[in-house]
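A short worksheet on the structure shown next.
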Amino acid sequence: VQNETTTGVYTNIPAVRRILNELGHPALLLVDGVSSIGSLEFRMDDWEVDVAITGSQKGFMLPAGLGLACASQKALKASETAKLPRVFFSWKDMIVNNDTGYFPYTPSVPLLFGLREALDMIEEEGLENVWARHARFAEGVRRAVVAWGLRICCQNPDEYSNTVTTILVPEHINGVEVVKIAYQKYNLSLGGGLMKLRGKAFRIGTLGDVNELMILGTLSGTEMALRDAGYKVELGSGVAAAAEFYRRTSVPSRGFNEIQARI
């Protein structure tokens, strides 16, 4: 899992491949990139990844419904001798039909058109610029967390996720209540703590088609929800920390034509 969304931890995939190569281990390297591909750095060929999977609903900014898989030649060759019985998880039907531009079943055509547009948007911005944007947005959120006096779940800064930040709440605060208040009072959807973190944390996502003002609005709503839930946060503290960071690191991304200049 390249990006673990429960805890907001990022896995160093090249390091995993390096270990496999050093040991001469024959295992295939399979990467779950559902919440990373399209938002965080991922280099399938350079990192010698054998199978990568992702979905349409995260970095590709679409509704859920498309599962995307990419397999190396090594993985395809291994599938030819694999003895595990399979139908749905077999690539054979897809490979045969895709060769002629078709699917082995009825595809979701609207989602495919949406995927085409999403890929055009990513290409227009530049993939490395997309990675940098996500890193910058997530850093702003992390600075807000520090200003609030709260802790990030991930303890190693080198492993911080740039698409989701999991924030721990004090023992006297219920994370579920924070999420509930944010949604019911401020029309804000925060991610709840999952499994062992239920009630102990909440999550803020920073992936896909978002910008600085959207994130600052999220931070503002989060502060109000925290205050309502009983946490003594200074309203505007996290927003100010993030806004100052975004202001100092902002790079103009849009042109300004003569007509706009005269308005």
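Following the order of the structure tokens, first chain is A, next is B, and so on, with residues numbered from 1 inside each chain and ligands from 1 in the order they appear.
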
Near-Thr54 (chain A) list (7 Å; only C-alpha atoms; drop same-chain fewer than 6 positions) as a list of chain:residue names =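 The residues that qualify are A:Asp32, A:Gly33, A:Val34, A:Ile37, A:Gly67, A:Leu68, A:Ala69.
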
Deliver the residues from the most recent selection as a file, using C-alpha atoms, as an mmCIF file, in the first residue's frame.
data_model
loop_
_atom_site.group_PDB
_atom_site.id
_atom_site.type_symbol
_atom_site.label_atom_id
_atom_site.label_comp_id
_atom_site.auth_asym_id
_atom_site.auth_seq_id
_atom_site.Cartn_x
_atom_site.Cartn_y
_atom_site.Cartn_z
ATOM 1 C CA ASP A 32 -2.090 -0.555 -4.034
ATOM 2 C CA GLY A 33 -2.078 2.988 -5.382
ATOM 3 C CA VAL A 34 -5.748 3.798 -4.903
ATOM 4 C CA ILE A 37 -1.535 7.333 -8.176
ATOM 5 C CA GLY A 67 -10.788 -0.010 -11.305
ATOM 6 C CA LEU A 68 -7.507 0.564 -13.118
ATOM 7 C CA ALA A 69 -4.779 -2.075 -13.233
#

Give the helix (DSSP H, G or I) residues of region 150-257 of chain A, as DSSP finds them on the backbone, and put them as an MDAnalysis selection string.
-> chainID A and resid 157:159 175:186 195:197 212:228 237:249

Keeping only N, CA and C atoms, write those residues as a short mmCIF file (atom, residue, chain, number, x, y, z; two decimals), in the first residue's frame.
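Now in again.cif:
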data_model
loop_
_atom_site.label_atom_id
_atom_site.label_comp_id
_atom_site.auth_asym_id
_atom_site.auth_seq_id
_atom_site.Cartn_x
_atom_site.Cartn_y
_atom_site.Cartn_z
N PRO A 157 8.18 12.14 9.79
CA PRO A 157 7.90 13.14 8.74
C PRO A 157 8.22 12.64 7.33
N ASP A 158 9.19 11.74 7.20
CA ASP A 158 9.53 11.20 5.88
C ASP A 158 8.41 10.33 5.31
N GLU A 159 7.49 9.93 6.18
CA GLU A 159 6.40 9.05 5.76
C GLU A 159 5.04 9.74 5.77
N GLY A 175 -13.43 11.95 18.50
CA GLY A 175 -13.22 12.25 17.09
C GLY A 175 -14.48 12.08 16.26
N VAL A 176 -15.32 11.12 16.63
CA VAL A 176 -16.58 10.91 15.90
C VAL A 176 -17.47 12.14 16.03
N GLU A 177 -17.46 12.75 17.21
CA GLU A 177 -18.27 13.94 17.45
C GLU A 177 -17.76 15.12 16.62
N VAL A 178 -16.45 15.22 16.47
CA VAL A 178 -15.88 16.30 15.65
C VAL A 178 -16.38 16.18 14.21
N VAL A 179 -16.31 14.95 13.67
CA VAL A 179 -16.76 14.71 12.29
C VAL A 179 -18.25 14.98 12.16
N LYS A 180 -19.02 14.54 13.15
CA LYS A 180 -20.48 14.73 13.14
C LYS A 180 -20.84 16.22 13.16
N ILE A 181 -20.21 16.97 14.04
CA ILE A 181 -20.50 18.40 14.14
C ILE A 181 -20.12 19.12 12.85
N ALA A 182 -18.95 18.78 12.29
CA ALA A 182 -18.50 19.43 11.06
C ALA A 182 -19.51 19.24 9.94
N TYR A 183 -20.08 18.03 9.87
CA TYR A 183 -21.03 17.74 8.80
C TYR A 183 -22.39 18.38 9.05
N GLN A 184 -22.90 18.24 10.28
CA GLN A 184 -24.26 18.70 10.57
C GLN A 184 -24.36 20.22 10.68
N LYS A 185 -23.34 20.86 11.23
CA LYS A 185 -23.42 22.30 11.45
C LYS A 185 -22.77 23.13 10.36
N TYR A 186 -21.72 22.59 9.72
CA TYR A 186 -20.94 23.41 8.80
C TYR A 186 -20.84 22.84 7.40
N MET A 195 -11.27 1.92 12.32
CA MET A 195 -10.83 0.77 13.12
C MET A 195 -10.33 1.21 14.50
N LYS A 196 -9.08 0.94 14.83
CA LYS A 196 -8.57 1.26 16.17
C LYS A 196 -8.53 2.76 16.43
N LEU A 197 -8.59 3.55 15.38
CA LEU A 197 -8.55 4.99 15.53
C LEU A 197 -9.93 5.63 15.60
N GLU A 212 -6.00 26.23 -2.70
CA GLU A 212 -5.69 26.77 -1.38
C GLU A 212 -6.94 27.23 -0.63
N LEU A 213 -7.84 27.92 -1.31
CA LEU A 213 -9.01 28.47 -0.64
C LEU A 213 -9.96 27.38 -0.17
N MET A 214 -10.04 26.30 -0.92
CA MET A 214 -10.87 25.17 -0.49
C MET A 214 -10.31 24.56 0.79
N ILE A 215 -9.00 24.44 0.85
CA ILE A 215 -8.37 23.86 2.03
C ILE A 215 -8.50 24.79 3.23
N LEU A 216 -8.31 26.09 3.01
CA LEU A 216 -8.45 27.04 4.10
C LEU A 216 -9.88 27.05 4.65
N GLY A 217 -10.86 26.90 3.77
CA GLY A 217 -12.24 26.79 4.23
C GLY A 217 -12.45 25.54 5.07
N THR A 218 -11.82 24.45 4.65
CA THR A 218 -11.90 23.20 5.41
C THR A 218 -11.29 23.37 6.79
N LEU A 219 -10.15 24.02 6.85
CA LEU A 219 -9.48 24.23 8.13
C LEU A 219 -10.33 25.12 9.05
N SER A 220 -10.97 26.11 8.48
CA SER A 220 -11.84 26.99 9.25
C SER A 220 -13.00 26.21 9.86
N GLY A 221 -13.65 25.38 9.04
CA GLY A 221 -14.76 24.57 9.54
C GLY A 221 -14.30 23.57 10.58
N THR A 222 -13.11 23.04 10.40
CA THR A 222 -12.56 22.09 11.36
C THR A 222 -12.33 22.75 12.71
N GLU A 223 -11.83 23.98 12.70
CA GLU A 223 -11.61 24.70 13.95
C GLU A 223 -12.93 24.90 14.70
N MET A 224 -13.96 25.28 13.98
CA MET A 224 -15.25 25.49 14.63
C MET A 224 -15.80 24.19 15.21
N ALA A 225 -15.64 23.09 14.46
CA ALA A 225 -16.12 21.79 14.94
C ALA A 225 -15.34 21.35 16.18
N LEU A 226 -14.03 21.57 16.17
CA LEU A 226 -13.22 21.23 17.33
C LEU A 226 -13.66 22.04 18.55
N ARG A 227 -13.90 23.31 18.35
CA ARG A 227 -14.35 24.19 19.44
C ARG A 227 -15.69 23.71 19.99
N ASP A 228 -16.60 23.37 19.10
CA ASP A 228 -17.92 22.89 19.52
C ASP A 228 -17.84 21.55 20.25
N SER A 237 -6.32 30.12 14.18
CA SER A 237 -4.90 29.82 14.38
C SER A 237 -4.35 28.90 13.30
N GLY A 238 -5.07 27.82 13.03
CA GLY A 238 -4.63 26.89 11.99
C GLY A 238 -4.76 27.49 10.60
N VAL A 239 -5.85 28.22 10.40
CA VAL A 239 -6.06 28.88 9.11
C VAL A 239 -4.92 29.85 8.82
N ALA A 240 -4.53 30.62 9.84
CA ALA A 240 -3.46 31.60 9.67
C ALA A 240 -2.13 30.93 9.35
N ALA A 241 -1.84 29.82 10.03
CA ALA A 241 -0.58 29.11 9.80
C ALA A 241 -0.51 28.57 8.38
N ALA A 242 -1.62 27.99 7.92
CA ALA A 242 -1.66 27.44 6.57
C ALA A 242 -1.64 28.56 5.53
N ALA A 243 -2.42 29.61 5.77
CA ALA A 243 -2.50 30.72 4.81
C ALA A 243 -1.14 31.38 4.63
N GLU A 244 -0.40 31.57 5.72
CA GLU A 244 0.91 32.19 5.62
C GLU A 244 1.86 31.32 4.80
N PHE A 245 1.78 30.00 5.01
CA PHE A 245 2.62 29.08 4.23
C PHE A 245 2.24 29.13 2.76
N TYR A 246 0.94 29.08 2.46
CA TYR A 246 0.50 29.12 1.07
C TYR A 246 0.88 30.46 0.41
N ARG A 247 0.76 31.56 1.16
CA ARG A 247 1.11 32.86 0.61
C ARG A 247 2.58 32.93 0.23
N ARG A 248 3.44 32.41 1.10
CA ARG A 248 4.89 32.47 0.86
C ARG A 248 5.34 31.52 -0.24
N THR A 249 4.59 30.46 -0.47
CA THR A 249 5.03 29.46 -1.45
C THR A 249 4.22 29.48 -2.74
#

Excluding Ser39 (chain A) and any residue of its chain fewer than 5 positions from it, enumerate the residues within 9 Å of it, using only C-alpha atoms, and give them as an MDAnalysis selection string.
-> chainID A and resid 58:60 127 130:134 162:163 207:208

Among the residues A:Leu30, A:Met44, A:Val96, A:Leu111, the one that comes closest to Leu66 (chain A) [using only C-alpha atoms] |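 Closest candidate: A:Leu111.
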
Selected residue of minimal separation from Gly149 (chain A) among A:Ile13, A:Ile204, A:Leu115, A:Ile167, counting only C-alpha atoms | A:Ile167

Kindly indicate which residue among A:Arg203, A:Leu28, A:Thr6, A:Phe137 lies nearest to Arg151 (chain A), using only C-alpha atoms for the distances.
->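 Among the listed residues, the smallest separation from Arg151 (chain A) belongs to A:Arg203.
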
What are the DSSP strand (DSSP E or B) residues of region 26-256 of chain A, as number ranges by chain?
-> A: 30-32, 37, 40, 51-55, 67-71, 151-152, 160, 164-168, 191-192, 201-205

Saved selection, atoms kept: C-alpha atoms, as a compact mmCIF listing (two decimals), in the first residue's frame:
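What landed in out-v2.txt:
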# COMPACT_ATOMS: atom_id res chain seq x y z
CA LEU A 30 2.18 -5.37 -6.23
CA VAL A 31 1.26 -1.80 -5.28
CA ASP A 32 -2.09 -0.56 -4.03
CA ILE A 37 -1.53 7.33 -8.18
CA LEU A 40 1.77 11.33 -5.42
CA VAL A 51 1.28 -4.77 -10.73
CA ALA A 52 -0.28 -1.43 -9.82
CA ILE A 53 -3.95 -0.82 -9.07
CA THR A 54 -5.89 2.37 -8.52
CA GLY A 55 -9.43 3.70 -8.75
CA GLY A 67 -10.79 -0.01 -11.30
CA LEU A 68 -7.51 0.56 -13.12
CA ALA A 69 -4.78 -2.07 -13.23
CA CYS A 70 -1.39 -2.10 -14.90
CA ALA A 71 0.82 -5.19 -15.16
CA ARG A 151 -0.62 15.62 16.86
CA ILE A 152 -0.37 13.94 13.47
CA TYR A 160 3.77 11.80 5.86
CA VAL A 164 -4.58 12.65 3.68
CA THR A 165 -3.57 13.81 7.15
CA THR A 166 -4.78 11.79 10.14
CA ILE A 167 -5.06 13.99 13.22
CA LEU A 168 -5.18 12.59 16.75
CA GLY A 191 -12.84 11.66 7.35
CA GLY A 192 -13.46 9.74 10.56
CA ALA A 201 -8.76 10.78 15.27
CA PHE A 202 -10.22 12.48 12.22
CA ARG A 203 -8.80 12.96 8.73
CA ILE A 204 -8.42 15.82 6.25
CA GLY A 205 -7.97 14.94 2.59

Across A:Thr7, A:Leu20, A:Leu150, A:Ser250, the smallest distance to Arg136 (chain A), with only C-alpha atoms counted, is shown by A:Ser250

Nearest candidate to Glu139 (chain A) (options A:Glu4, A:Ser161, A:Lys92, A:Asn187; using only C-alpha atoms) |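 For Glu139 (chain A), the nearest of the given residues is A:Ser161.
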
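CA of Pro63 (chain A) is positioned 11.0 Å from CA of Leu112 (chain A).
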
Pick out the closest residue to Leu76 (chain A) from this set: A:Asp50, A:Asp120, A:Asp99, A:Asp209. Count only C-alpha atoms.
-> A:Asp50
